[in-house]
$ cat input-v6.cif   # mmCIF, C-alpha atoms; chains and numbers go by the auth columns
data_query
#
loop_
_atom_site.group_PDB
_atom_site.id
_atom_site.type_symbol
_atom_site.label_atom_id
_atom_site.label_comp_id
_atom_site.label_asym_id
_atom_site.label_seq_id
_atom_site.Cartn_x
_atom_site.Cartn_y
_atom_site.Cartn_z
_atom_site.B_iso_or_equiv
_atom_site.auth_seq_id
_atom_site.auth_asym_id
ATOM 1 C CA MET A 1 16.145 -0.173 -0.970 0.00 736 A
ATOM 2 C CA LYS A 2 13.544 0.490 1.750 0.00 737 A
ATOM 3 C CA HIS A 3 15.196 3.773 2.711 0.00 738 A
ATOM 4 C CA TYR A 4 15.415 4.793 -0.948 0.00 739 A
ATOM 5 C CA ILE A 5 11.678 4.182 -1.389 0.00 740 A
ATOM 6 C CA LEU A 6 10.853 6.043 1.829 0.00 741 A
ATOM 7 C CA GLY A 7 13.036 8.938 0.730 0.00 742 A
ATOM 8 C CA LEU A 8 11.455 9.036 -2.706 0.00 743 A
ATOM 9 C CA PHE A 9 7.928 8.832 -1.299 0.00 744 A
ATOM 10 C CA ALA A 10 8.698 11.484 1.325 0.00 745 A
ATOM 11 C CA ALA A 11 10.142 13.781 -1.351 0.00 746 A
ATOM 12 C CA LEU A 12 7.066 13.385 -3.546 0.00 747 A
ATOM 13 C CA THR A 13 4.782 14.024 -0.584 0.00 748 A
ATOM 14 C CA MET A 14 6.759 17.122 0.402 0.00 749 A
ATOM 15 C CA ILE A 15 6.606 18.503 -3.134 0.00 750 A
ATOM 16 C CA THR A 16 2.869 17.873 -3.271 0.00 751 A
ATOM 17 C CA THR A 17 2.221 19.491 0.114 0.00 752 A
ATOM 18 C CA ALA A 18 4.774 22.327 -0.111 0.00 753 A
ATOM 19 C CA ALA A 19 2.157 24.673 -1.507 0.00 754 A
ATOM 20 C CA GLN A 20 0.150 24.132 1.664 0.00 755 A
ATOM 21 C CA GLY A 21 3.196 24.928 3.800 0.00 756 A
ATOM 22 C CA ALA A 22 3.205 21.531 5.540 0.00 757 A
ATOM 23 C CA VAL A 23 4.952 18.172 5.222 0.00 758 A
ATOM 24 C CA GLU A 24 4.276 14.627 6.291 0.00 759 A
ATOM 25 C CA THR A 25 4.559 13.645 9.924 0.00 760 A
ATOM 26 C CA GLY A 26 6.002 10.259 10.755 0.00 761 A
ATOM 27 C CA LEU A 27 4.053 8.183 13.251 0.00 762 A
ATOM 28 C CA GLY A 28 6.652 5.454 13.543 0.00 763 A
ATOM 29 C CA THR A 29 8.342 2.481 11.965 0.00 764 A
ATOM 30 C CA PHE A 30 6.830 -0.866 12.839 0.00 765 A
ATOM 31 C CA HIS A 31 9.250 -3.487 11.522 0.00 766 A
ATOM 32 C CA SER A 32 8.916 -3.134 7.723 0.00 767 A
ATOM 33 C CA TRP A 33 5.824 -0.863 7.886 0.00 768 A
ATOM 34 C CA GLU A 34 6.019 2.948 8.021 0.00 769 A
ATOM 35 C CA ALA A 35 3.099 5.043 9.314 0.00 770 A
ATOM 36 C CA TYR A 36 2.619 8.764 8.677 0.00 771 A
ATOM 37 C CA THR A 37 0.112 11.576 8.227 0.00 772 A
ATOM 38 C CA PHE A 38 0.166 14.248 5.561 0.00 773 A
ATOM 39 C CA PRO A 39 -1.968 17.254 4.691 0.00 774 A
ATOM 40 C CA THR A 40 -4.073 17.187 1.557 0.00 775 A
ATOM 41 C CA ARG A 41 -6.797 19.658 0.568 0.00 776 A
ATOM 42 C CA GLY A 42 -6.616 21.279 3.991 0.00 777 A
ATOM 43 C CA LYS A 43 -7.297 17.994 5.799 0.00 778 A
ATOM 44 C CA THR A 44 -5.134 15.254 7.300 0.00 779 A
ATOM 45 C CA ALA A 45 -4.713 11.939 5.517 0.00 780 A
ATOM 46 C CA CYS A 46 -3.032 8.908 7.083 0.00 781 A
ATOM 47 C CA ALA A 47 -1.163 6.048 5.442 0.00 782 A
ATOM 48 C CA ILE A 48 1.115 3.094 6.008 0.00 783 A
ATOM 49 C CA TRP A 49 3.383 1.434 3.494 0.00 784 A
ATOM 50 C CA ALA A 50 5.947 -1.310 3.135 0.00 785 A
ATOM 51 C CA ALA A 51 8.250 -2.492 0.384 0.00 786 A
ATOM 52 C CA ALA A 52 8.186 -6.125 -0.688 0.00 787 A
ATOM 53 C CA THR A 53 10.661 -8.252 1.237 0.00 788 A
ATOM 54 C CA LYS A 54 11.101 -10.549 -1.766 0.00 789 A
ATOM 55 C CA SER A 55 10.282 -10.149 -5.471 0.00 790 A
ATOM 56 C CA GLU A 56 10.420 -12.960 -8.022 0.00 791 A
ATOM 57 C CA GLY A 57 9.953 -13.098 -11.784 0.00 792 A
ATOM 58 C CA LYS A 58 11.905 -13.210 -15.024 0.00 793 A
ATOM 59 C CA TYR A 59 12.109 -9.474 -15.606 0.00 794 A
ATOM 60 C CA LYS A 60 15.072 -7.390 -16.704 0.00 795 A
ATOM 61 C CA LYS A 61 14.082 -4.110 -15.092 0.00 796 A
ATOM 62 C CA ARG A 62 11.510 -3.325 -12.456 0.00 797 A
ATOM 63 C CA GLY A 63 10.687 -0.339 -10.283 0.00 798 A
ATOM 64 C CA ASP A 64 9.804 -0.263 -6.602 0.00 799 A
ATOM 65 C CA VAL A 65 7.231 -2.734 -5.257 0.00 800 A
ATOM 66 C CA VAL A 66 5.138 -1.160 -2.490 0.00 801 A
ATOM 67 C CA MET A 67 1.868 -1.830 -0.619 0.00 802 A
ATOM 68 C CA PHE A 68 -0.123 1.084 0.869 0.00 803 A
ATOM 69 C CA VAL A 69 -3.143 1.379 3.147 0.00 804 A
ATOM 70 C CA SER A 70 -4.595 4.862 3.582 0.00 805 A
ATOM 71 C CA HIS A 71 -7.331 6.778 5.385 0.00 806 A
ATOM 72 C CA ARG A 72 -9.095 9.869 4.083 0.00 807 A
ATOM 73 C CA PRO A 73 -12.245 9.742 6.227 0.00 808 A
ATOM 74 C CA TRP A 74 -13.253 13.306 5.390 0.00 809 A
ATOM 75 C CA THR A 75 -13.881 12.595 1.699 0.00 810 A
ATOM 76 C CA ARG A 76 -17.408 12.236 0.403 0.00 811 A
ATOM 77 C CA GLN A 77 -16.756 8.489 -0.017 0.00 812 A
ATOM 78 C CA LYS A 78 -15.320 8.301 3.545 0.00 813 A
ATOM 79 C CA ARG A 79 -12.280 6.410 2.273 0.00 814 A
ATOM 80 C CA VAL A 80 -10.726 4.320 5.035 0.00 815 A
ATOM 81 C CA HIS A 81 -8.596 1.172 4.907 0.00 816 A
ATOM 82 C CA GLU A 82 -8.014 1.859 1.183 0.00 817 A
ATOM 83 C CA VAL A 83 -5.485 -0.657 -0.146 0.00 818 A
ATOM 84 C CA SER A 84 -3.257 -0.036 -3.161 0.00 819 A
ATOM 85 C CA PHE A 85 -0.355 -2.013 -4.556 0.00 820 A
ATOM 86 C CA GLU A 86 2.301 -0.487 -6.808 0.00 821 A
ATOM 87 C CA THR A 87 4.247 -3.078 -8.733 0.00 822 A
ATOM 88 C CA GLY A 88 7.105 -1.301 -10.460 0.00 823 A
ATOM 89 C CA TYR A 89 5.872 -2.109 -13.983 0.00 824 A
ATOM 90 C CA PRO A 90 2.694 -1.536 -16.007 0.00 825 A
ATOM 91 C CA PHE A 91 0.223 -4.357 -15.513 0.00 826 A
ATOM 92 C CA LYS A 92 -1.218 -6.344 -18.387 0.00 827 A
ATOM 93 C CA SER A 93 -4.352 -4.527 -19.567 0.00 828 A
ATOM 94 C CA ASP A 94 -7.567 -5.700 -17.876 0.00 829 A
ATOM 95 C CA SER A 95 -5.648 -8.087 -15.614 0.00 830 A
ATOM 96 C CA GLU A 96 -6.090 -8.875 -11.946 0.00 831 A
ATOM 97 C CA VAL A 97 -3.707 -9.316 -9.060 0.00 832 A
ATOM 98 C CA THR A 98 -4.184 -12.151 -6.606 0.00 833 A
ATOM 99 C CA ILE A 99 -3.266 -11.919 -2.947 0.00 834 A
ATOM 100 C CA ALA A 100 -2.835 -14.832 -0.569 0.00 835 A
ATOM 101 C CA ILE A 101 -2.347 -14.269 3.143 0.00 836 A
ATOM 102 C CA ASP A 102 -0.742 -17.192 4.979 0.00 837 A
ATOM 103 C CA LYS A 103 -1.671 -19.375 1.978 0.00 838 A
ATOM 104 C CA LYS A 104 -5.290 -19.311 3.199 0.00 839 A
ATOM 105 C CA LYS A 105 -7.154 -16.066 2.593 0.00 840 A
ATOM 106 C CA LYS A 106 -7.380 -15.093 -1.082 0.00 841 A
ATOM 107 C CA PHE A 107 -8.215 -11.685 -2.539 0.00 842 A
ATOM 108 C CA THR A 108 -8.349 -10.186 -6.021 0.00 843 A
ATOM 109 C CA LEU A 109 -7.486 -6.617 -7.030 0.00 844 A
ATOM 110 C CA PHE A 110 -8.133 -4.885 -10.346 0.00 845 A
ATOM 111 C CA THR A 111 -5.261 -3.174 -12.148 0.00 846 A
ATOM 112 C CA LYS A 112 -4.684 0.050 -14.038 0.00 847 A
ATOM 113 C CA GLY A 113 -1.246 1.251 -15.089 0.00 848 A
ATOM 114 C CA ASN A 114 1.206 0.137 -12.428 0.00 849 A
ATOM 115 C CA THR A 115 -1.278 0.089 -9.528 0.00 850 A
ATOM 116 C CA ALA A 116 -3.863 -2.402 -8.240 0.00 851 A
ATOM 117 C CA TRP A 117 -6.866 -1.710 -5.982 0.00 852 A
ATOM 118 C CA SER A 118 -9.771 -3.516 -4.361 0.00 853 A
ATOM 119 C CA ARG A 119 -13.113 -3.077 -6.088 0.00 854 A
ATOM 120 C CA THR A 120 -15.118 -2.058 -3.022 0.00 855 A
ATOM 121 C CA ALA A 121 -14.682 -0.603 0.455 0.00 856 A
ATOM 122 C CA ALA A 122 -15.896 -3.939 1.855 0.00 857 A
ATOM 123 C CA ASP A 123 -13.099 -5.720 -0.059 0.00 858 A
ATOM 124 C CA ASP A 124 -10.566 -3.255 1.393 0.00 859 A
ATOM 125 C CA ALA A 125 -11.875 -3.855 4.920 0.00 860 A
ATOM 126 C CA ALA A 126 -11.718 -7.646 4.519 0.00 861 A
ATOM 127 C CA LEU A 127 -8.174 -7.491 3.132 0.00 862 A
ATOM 128 C CA VAL A 128 -6.978 -5.201 5.932 0.00 863 A
ATOM 129 C CA LYS A 129 -8.595 -7.471 8.534 0.00 864 A
ATOM 130 C CA ALA A 130 -6.711 -10.458 7.085 0.00 865 A
ATOM 131 C CA MET A 131 -3.461 -8.455 6.964 0.00 866 A
ATOM 132 C CA ARG A 132 -3.865 -7.559 10.655 0.00 867 A
ATOM 133 C CA ILE A 133 -3.922 -11.226 11.704 0.00 868 A
ATOM 134 C CA GLY A 134 -1.687 -12.649 8.989 0.00 869 A
ATOM 135 C CA LYS A 135 2.042 -13.285 8.900 0.00 870 A
ATOM 136 C CA VAL A 136 2.937 -13.310 5.191 0.00 871 A
ATOM 137 C CA MET A 137 1.215 -11.832 2.145 0.00 872 A
ATOM 138 C CA VAL A 138 2.046 -13.008 -1.388 0.00 873 A
ATOM 139 C CA ILE A 139 0.898 -10.975 -4.380 0.00 874 A
ATOM 140 C CA ARG A 140 0.945 -12.333 -7.936 0.00 875 A
ATOM 141 C CA GLY A 141 0.573 -10.202 -11.041 0.00 876 A
ATOM 142 C CA GLN A 142 1.444 -10.032 -14.716 0.00 877 A
ATOM 143 C CA SER A 143 3.192 -7.227 -16.583 0.00 878 A
ATOM 144 C CA SER A 144 2.079 -5.731 -19.881 0.00 879 A
ATOM 145 C CA ARG A 145 4.855 -7.815 -21.484 0.00 880 A
ATOM 146 C CA GLY A 146 3.474 -11.035 -20.002 0.00 881 A
ATOM 147 C CA THR A 147 6.037 -11.431 -17.212 0.00 882 A
ATOM 148 C CA LYS A 148 4.541 -13.118 -14.160 0.00 883 A
ATOM 149 C CA THR A 149 5.700 -11.831 -10.777 0.00 884 A
ATOM 150 C CA LYS A 150 5.409 -12.916 -7.176 0.00 885 A
ATOM 151 C CA ASP A 151 5.993 -10.404 -4.376 0.00 886 A
ATOM 152 C CA THR A 152 6.164 -11.256 -0.694 0.00 887 A
ATOM 153 C CA PHE A 153 5.418 -8.878 2.180 0.00 888 A
ATOM 154 C CA GLU A 154 6.025 -9.624 5.847 0.00 889 A
ATOM 155 C CA LEU A 155 2.998 -8.566 7.903 0.00 890 A
ATOM 156 C CA PHE A 156 4.767 -8.387 11.270 0.00 891 A
ATOM 157 C CA GLY A 157 4.275 -4.783 12.422 0.00 892 A
ATOM 158 C CA PHE A 158 1.281 -4.176 10.152 0.00 893 A
ATOM 159 C CA THR A 159 -1.238 -4.134 13.013 0.00 894 A
ATOM 160 C CA ALA A 160 0.788 -1.642 15.078 0.00 895 A
ATOM 161 C CA ALA A 161 1.252 0.613 12.031 0.00 896 A
ATOM 162 C CA HIS A 162 -2.451 0.341 11.184 0.00 897 A
ATOM 163 C CA ASN A 163 -3.372 1.172 14.794 0.00 898 A
ATOM 164 C CA ALA A 164 -1.170 4.280 14.578 0.00 899 A
ATOM 165 C CA ILE A 165 -2.983 5.649 11.531 0.00 900 A
ATOM 166 C CA ASN A 166 -6.374 4.644 12.940 0.00 901 A
ATOM 167 C CA LYS A 167 -5.623 6.764 16.017 0.00 902 A
ATOM 168 C CA ALA A 168 -4.193 9.685 14.017 0.00 903 A
ATOM 169 C CA CYS A 169 -7.163 9.849 11.640 0.00 904 A
ATOM 170 C CA ARG A 170 -9.748 8.788 14.244 0.00 905 A
ATOM 171 C CA VAL A 171 -10.809 5.673 12.355 0.00 906 A
ATOM 172 C CA LYS A 172 -12.276 2.651 14.119 0.00 907 A
#
$ encode --input "input-v6.cif" --output "structure tokens"
Amino acid sequence: MKHYILGLFAALTMITTAAQGAVETGLGTFHSWEAYTFPTRGKTACAIWAAATKSEGKYKKRGDVVMFVSHRPWTRQKRVHEVSFETGYPFKSDSEVTIAIDKKKKFTLFTKGNTAWSRTAADDAALVKAMRIGKVMVIRGQSSRGTKTKDTFELFGFTAAHNAINKACRVK
């Protein structure tokens, strides 16, 4: 499934960037985390992603479950360490996602459609810091139909992947 997701994401990125005459550049695979750069609006963006290693819930059909962290330091908002979580279903309206790292650190993301984000750049930075030192991340959410889900991500390799995009996009 991981290779299917990577292929799908790479295809979408290539379609998006084809008009600019460039495609994504892989920076490496770090266990379950992939790091890459891609051109957007004439600049270079950097991102890492991983698919959930385990997904639980009483659902009949569900799309891909993926966590992203991206850098676009050249934007007016200087977006770095931006976390997003795609869950493979539309979230319950006005719901939140909870994240636990090593059953200790807890975070909350807001949802819209099938994606969840942190509310502030400081929240993103705190979450990424915890991901860098953590081992396992568990994300809980609820679909628009009321189905509760639990997705697990292994964090081994996250720090190396994050270091790769930090270097590529010159982010400290």
$ residues_around --input "input-v6.cif" --residues "Ala903 of chain A" --least-positions-apart "3" --cutoff "12 Å" --atoms "only C-alpha atoms" --output "list in words"
Thr760, Gly761, Leu762, Gly763, Ala770, Tyr771, Thr772, Phe773, Thr779, Ala780, Cys781, Ala782, Ile783, Ser805, His806, Arg807, Pro808, Ala896, His897, Asn898, Ala899, Ile900, Val906 and Lys907 of chain A
$ closest_residue --input "input-v6.cif" --among "A:Lys789, A:Lys778, A:Arg875, A:Arg880" --to "Ile834 of chain A" --atoms "all atoms listed in the file"
A:Arg875
$ closest_residue --input "input-v6.cif" --among "A:Phe842, A:Arg776, A:His766, A:Ile836" --to "Val873 of chain A" --atoms "only C-alpha atoms"
A:Ile836
$ atom_distance --input "input-v6.cif" --atom1 "atom CA of Val801 of chain A" --atom2 "atom CA of Trp768 of chain A"
10.4 Å
$ closest_residue --input "input-v6.cif" --among "A:Ala857, A:Ala851, A:Leu890, A:Leu844" --to "Val800 of chain A" --atoms "only C-alpha atoms"
A:Ala851
$ resolve_selection --input "input-v6.cif" --expression "the PyMOL selection byres ((chain A and resi 859) around 12)" --output "list in words"
Phe803, Val804, Ser805, His806, Arg814, Val815, His816, Glu817, Val818, Ser819, Phe820, Phe842, Thr843, Leu844, Ala851, Trp852, Ser853, Arg854, Thr855, Ala856, Ala857, Asp858, Ala860, Ala861, Leu862, Val863, Lys864, Ala865 and Met866 of chain A
$ write_last_selection --input "input-v6.cif" --atoms "C-alpha atoms" --output "PDB file, in the coordinates of the input"
ATOM      1  CA  PHE A 803      -0.123   1.084   0.869  1.00  0.00           C
ATOM      2  CA  VAL A 804      -3.143   1.379   3.147  1.00  0.00           C
ATOM      3  CA  SER A 805      -4.595   4.862   3.582  1.00  0.00           C
ATOM      4  CA  HIS A 806      -7.331   6.778   5.385  1.00  0.00           C
ATOM      5  CA  ARG A 814     -12.280   6.410   2.273  1.00  0.00           C
ATOM      6  CA  VAL A 815     -10.726   4.320   5.035  1.00  0.00           C
ATOM      7  CA  HIS A 816      -8.596   1.172   4.907  1.00  0.00           C
ATOM      8  CA  GLU A 817      -8.014   1.859   1.183  1.00  0.00           C
ATOM      9  CA  VAL A 818      -5.485  -0.657  -0.146  1.00  0.00           C
ATOM     10  CA  SER A 819      -3.257  -0.036  -3.161  1.00  0.00           C
ATOM     11  CA  PHE A 820      -0.355  -2.013  -4.556  1.00  0.00           C
ATOM     12  CA  PHE A 842      -8.215 -11.685  -2.539  1.00  0.00           C
ATOM     13  CA  THR A 843      -8.349 -10.186  -6.021  1.00  0.00           C
ATOM     14  CA  LEU A 844      -7.486  -6.617  -7.030  1.00  0.00           C
ATOM     15  CA  ALA A 851      -3.863  -2.402  -8.240  1.00  0.00           C
ATOM     16  CA  TRP A 852      -6.866  -1.710  -5.982  1.00  0.00           C
ATOM     17  CA  SER A 853      -9.771  -3.516  -4.361  1.00  0.00           C
ATOM     18  CA  ARG A 854     -13.113  -3.077  -6.088  1.00  0.00           C
ATOM     19  CA  THR A 855     -15.118  -2.058  -3.022  1.00  0.00           C
ATOM     20  CA  ALA A 856     -14.682  -0.603   0.455  1.00  0.00           C
ATOM     21  CA  ALA A 857     -15.896  -3.939   1.855  1.00  0.00           C
ATOM     22  CA  ASP A 858     -13.099  -5.720  -0.059  1.00  0.00           C
ATOM     23  CA  ALA A 860     -11.875  -3.855   4.920  1.00  0.00           C
ATOM     24  CA  ALA A 861     -11.718  -7.646   4.519  1.00  0.00           C
ATOM     25  CA  LEU A 862      -8.174  -7.491   3.132  1.00  0.00           C
ATOM     26  CA  VAL A 863      -6.978  -5.201   5.932  1.00  0.00           C
ATOM     27  CA  LYS A 864      -8.595  -7.471   8.534  1.00  0.00           C
ATOM     28  CA  ALA A 865      -6.711 -10.458   7.085  1.00  0.00           C
ATOM     29  CA  MET A 866      -3.461  -8.455   6.964  1.00  0.00           C
TER      30      MET A 866
END
$ closest_residue --input "input-v6.cif" --among "A:Gly798, A:Thr764, A:Asn849, A:Cys904" --to "Phe826 of chain A" --atoms "only C-alpha atoms"
A:Asn849
$ closest_residue --input "input-v6.cif" --among "A:Met802, A:Ile868, A:Ala787, A:Ile874" --to "Val832 of chain A" --atoms "all atoms listed in the file"
A:Ile874
$ residues_around --input "input-v6.cif" --residues "Lys795 of chain A" --least-positions-apart "2" --cutoff "12 Å" --atoms "all atoms listed in the file" --output "JSON, numbers by chain"
{"A": [791, 792, 793, 797, 798, 823, 824, 878, 880, 882, 884]}
$ closest_residue --input "input-v6.cif" --among "A:Lys883, A:Lys902, A:Lys813, A:Lys839" --to "Lys870 of chain A" --atoms "all atoms listed in the file"
A:Lys839
$ atom_distance --input "input-v6.cif" --atom1 "atom CA of Gly876 of chain A" --atom2 "atom CA of Thr846 of chain A"
9.2 Å
$ residues_around --input "input-v6.cif" --residues "Ser879 of chain A" --least-positions-apart "4" --cutoff "7 Å" --atoms "only C-alpha atoms" --output "ChimeraX atom specification"
/A:825-828
$ atom_distance --input "input-v6.cif" --atom1 "atom CA of Ala835 of chain A" --atom2 "atom CA of Gly881 of chain A"
20.8 Å
$ decode --input "input-v6.cif" --residues "segment 761-786 of chain A" --atoms "N, CA and C atoms" --output "PDB file, in the first residue's frame"
ATOM      1  N   GLY A 761      13.396  13.169  -5.040  1.00  0.00           N
ATOM      2  CA  GLY A 761      13.459  12.388  -3.819  1.00  0.00           C
ATOM      3  C   GLY A 761      14.729  12.668  -3.038  1.00  0.00           C
ATOM      4  N   LEU A 762      14.595  12.810  -1.742  1.00  0.00           N
ATOM      5  CA  LEU A 762      15.738  13.032  -0.864  1.00  0.00           C
ATOM      6  C   LEU A 762      16.105  11.775  -0.094  1.00  0.00           C
ATOM      7  N   GLY A 763      15.244  10.766  -0.168  1.00  0.00           N
ATOM      8  CA  GLY A 763      15.545   9.514   0.502  1.00  0.00           C
ATOM      9  C   GLY A 763      14.349   8.912   1.206  1.00  0.00           C
ATOM     10  N   THR A 764      14.490   7.634   1.503  1.00  0.00           N
ATOM     11  CA  THR A 764      13.509   6.895   2.285  1.00  0.00           C
ATOM     12  C   THR A 764      14.162   6.582   3.620  1.00  0.00           C
ATOM     13  N   PHE A 765      13.472   6.932   4.684  1.00  0.00           N
ATOM     14  CA  PHE A 765      13.992   6.770   6.027  1.00  0.00           C
ATOM     15  C   PHE A 765      12.992   5.911   6.799  1.00  0.00           C
ATOM     16  N   HIS A 766      13.172   4.601   6.682  1.00  0.00           N
ATOM     17  CA  HIS A 766      12.228   3.615   7.209  1.00  0.00           C
ATOM     18  C   HIS A 766      10.867   3.862   6.558  1.00  0.00           C
ATOM     19  N   SER A 767       9.841   4.249   7.288  1.00  0.00           N
ATOM     20  CA  SER A 767       8.530   4.435   6.646  1.00  0.00           C
ATOM     21  C   SER A 767       8.291   5.871   6.183  1.00  0.00           C
ATOM     22  N   TRP A 768       9.282   6.751   6.325  1.00  0.00           N
ATOM     23  CA  TRP A 768       9.134   8.162   5.948  1.00  0.00           C
ATOM     24  C   TRP A 768       9.870   8.460   4.643  1.00  0.00           C
ATOM     25  N   GLU A 769       9.204   9.157   3.745  1.00  0.00           N
ATOM     26  CA  GLU A 769       9.770   9.572   2.456  1.00  0.00           C
ATOM     27  C   GLU A 769      10.000  11.074   2.509  1.00  0.00           C
ATOM     28  N   ALA A 770      11.149  11.532   2.010  1.00  0.00           N
ATOM     29  CA  ALA A 770      11.461  12.961   1.959  1.00  0.00           C
ATOM     30  C   ALA A 770      11.676  13.363   0.500  1.00  0.00           C
ATOM     31  N   TYR A 771      11.204  14.554   0.132  1.00  0.00           N
ATOM     32  CA  TYR A 771      11.352  15.016  -1.241  1.00  0.00           C
ATOM     33  C   TYR A 771      11.207  16.535  -1.313  1.00  0.00           C
ATOM     34  N   THR A 772      11.632  17.093  -2.436  1.00  0.00           N
ATOM     35  CA  THR A 772      11.395  18.502  -2.738  1.00  0.00           C
ATOM     36  C   THR A 772      10.566  18.549  -4.008  1.00  0.00           C
ATOM     37  N   PHE A 773       9.865  19.644  -4.194  1.00  0.00           N
ATOM     38  CA  PHE A 773       9.112  19.835  -5.432  1.00  0.00           C
ATOM     39  C   PHE A 773       8.941  21.321  -5.699  1.00  0.00           C
ATOM     40  N   PRO A 774       8.918  21.696  -6.976  1.00  0.00           N
ATOM     41  CA  PRO A 774       8.749  23.106  -7.306  1.00  0.00           C
ATOM     42  C   PRO A 774       7.282  23.521  -7.201  1.00  0.00           C
ATOM     43  N   THR A 775       7.065  24.712  -6.703  1.00  0.00           N
ATOM     44  CA  THR A 775       5.732  25.283  -6.666  1.00  0.00           C
ATOM     45  C   THR A 775       5.874  26.803  -6.728  1.00  0.00           C
ATOM     46  N   ARG A 776       5.163  27.417  -7.641  1.00  0.00           N
ATOM     47  CA  ARG A 776       5.206  28.874  -7.818  1.00  0.00           C
ATOM     48  C   ARG A 776       6.623  29.394  -8.004  1.00  0.00           C
ATOM     49  N   GLY A 777       7.444  28.632  -8.716  1.00  0.00           N
ATOM     50  CA  GLY A 777       8.804  29.058  -9.001  1.00  0.00           C
ATOM     51  C   GLY A 777       9.769  28.911  -7.837  1.00  0.00           C
ATOM     52  N   LYS A 778       9.343  28.320  -6.754  1.00  0.00           N
ATOM     53  CA  LYS A 778      10.183  28.118  -5.574  1.00  0.00           C
ATOM     54  C   LYS A 778      10.252  26.632  -5.255  1.00  0.00           C
ATOM     55  N   THR A 779      11.089  26.273  -4.298  1.00  0.00           N
ATOM     56  CA  THR A 779      11.205  24.871  -3.887  1.00  0.00           C
ATOM     57  C   THR A 779      10.515  24.664  -2.548  1.00  0.00           C
ATOM     58  N   ALA A 780       9.631  23.694  -2.512  1.00  0.00           N
ATOM     59  CA  ALA A 780       8.976  23.273  -1.274  1.00  0.00           C
ATOM     60  C   ALA A 780       9.566  21.917  -0.890  1.00  0.00           C
ATOM     61  N   CYS A 781       9.503  21.593   0.380  1.00  0.00           N
ATOM     62  CA  CYS A 781      10.045  20.332   0.888  1.00  0.00           C
ATOM     63  C   CYS A 781       8.982  19.651   1.743  1.00  0.00           C
ATOM     64  N   ALA A 782       8.954  18.327   1.695  1.00  0.00           N
ATOM     65  CA  ALA A 782       7.953  17.606   2.486  1.00  0.00           C
ATOM     66  C   ALA A 782       8.430  16.199   2.810  1.00  0.00           C
ATOM     67  N   ILE A 783       7.865  15.674   3.895  1.00  0.00           N
ATOM     68  CA  ILE A 783       8.015  14.255   4.220  1.00  0.00           C
ATOM     69  C   ILE A 783       6.621  13.698   4.446  1.00  0.00           C
ATOM     70  N   TRP A 784       6.496  12.398   4.259  1.00  0.00           N
ATOM     71  CA  TRP A 784       5.203  11.757   4.482  1.00  0.00           C
ATOM     72  C   TRP A 784       5.412  10.297   4.865  1.00  0.00           C
ATOM     73  N   ALA A 785       4.401   9.758   5.493  1.00  0.00           N
ATOM     74  CA  ALA A 785       4.365   8.327   5.810  1.00  0.00           C
ATOM     75  C   ALA A 785       2.916   7.879   5.850  1.00  0.00           C
ATOM     76  N   ALA A 786       2.700   6.639   5.481  1.00  0.00           N
ATOM     77  CA  ALA A 786       1.380   6.020   5.602  1.00  0.00           C
ATOM     78  C   ALA A 786       1.273   5.394   6.991  1.00  0.00           C
TER      79      ALA A 786
END
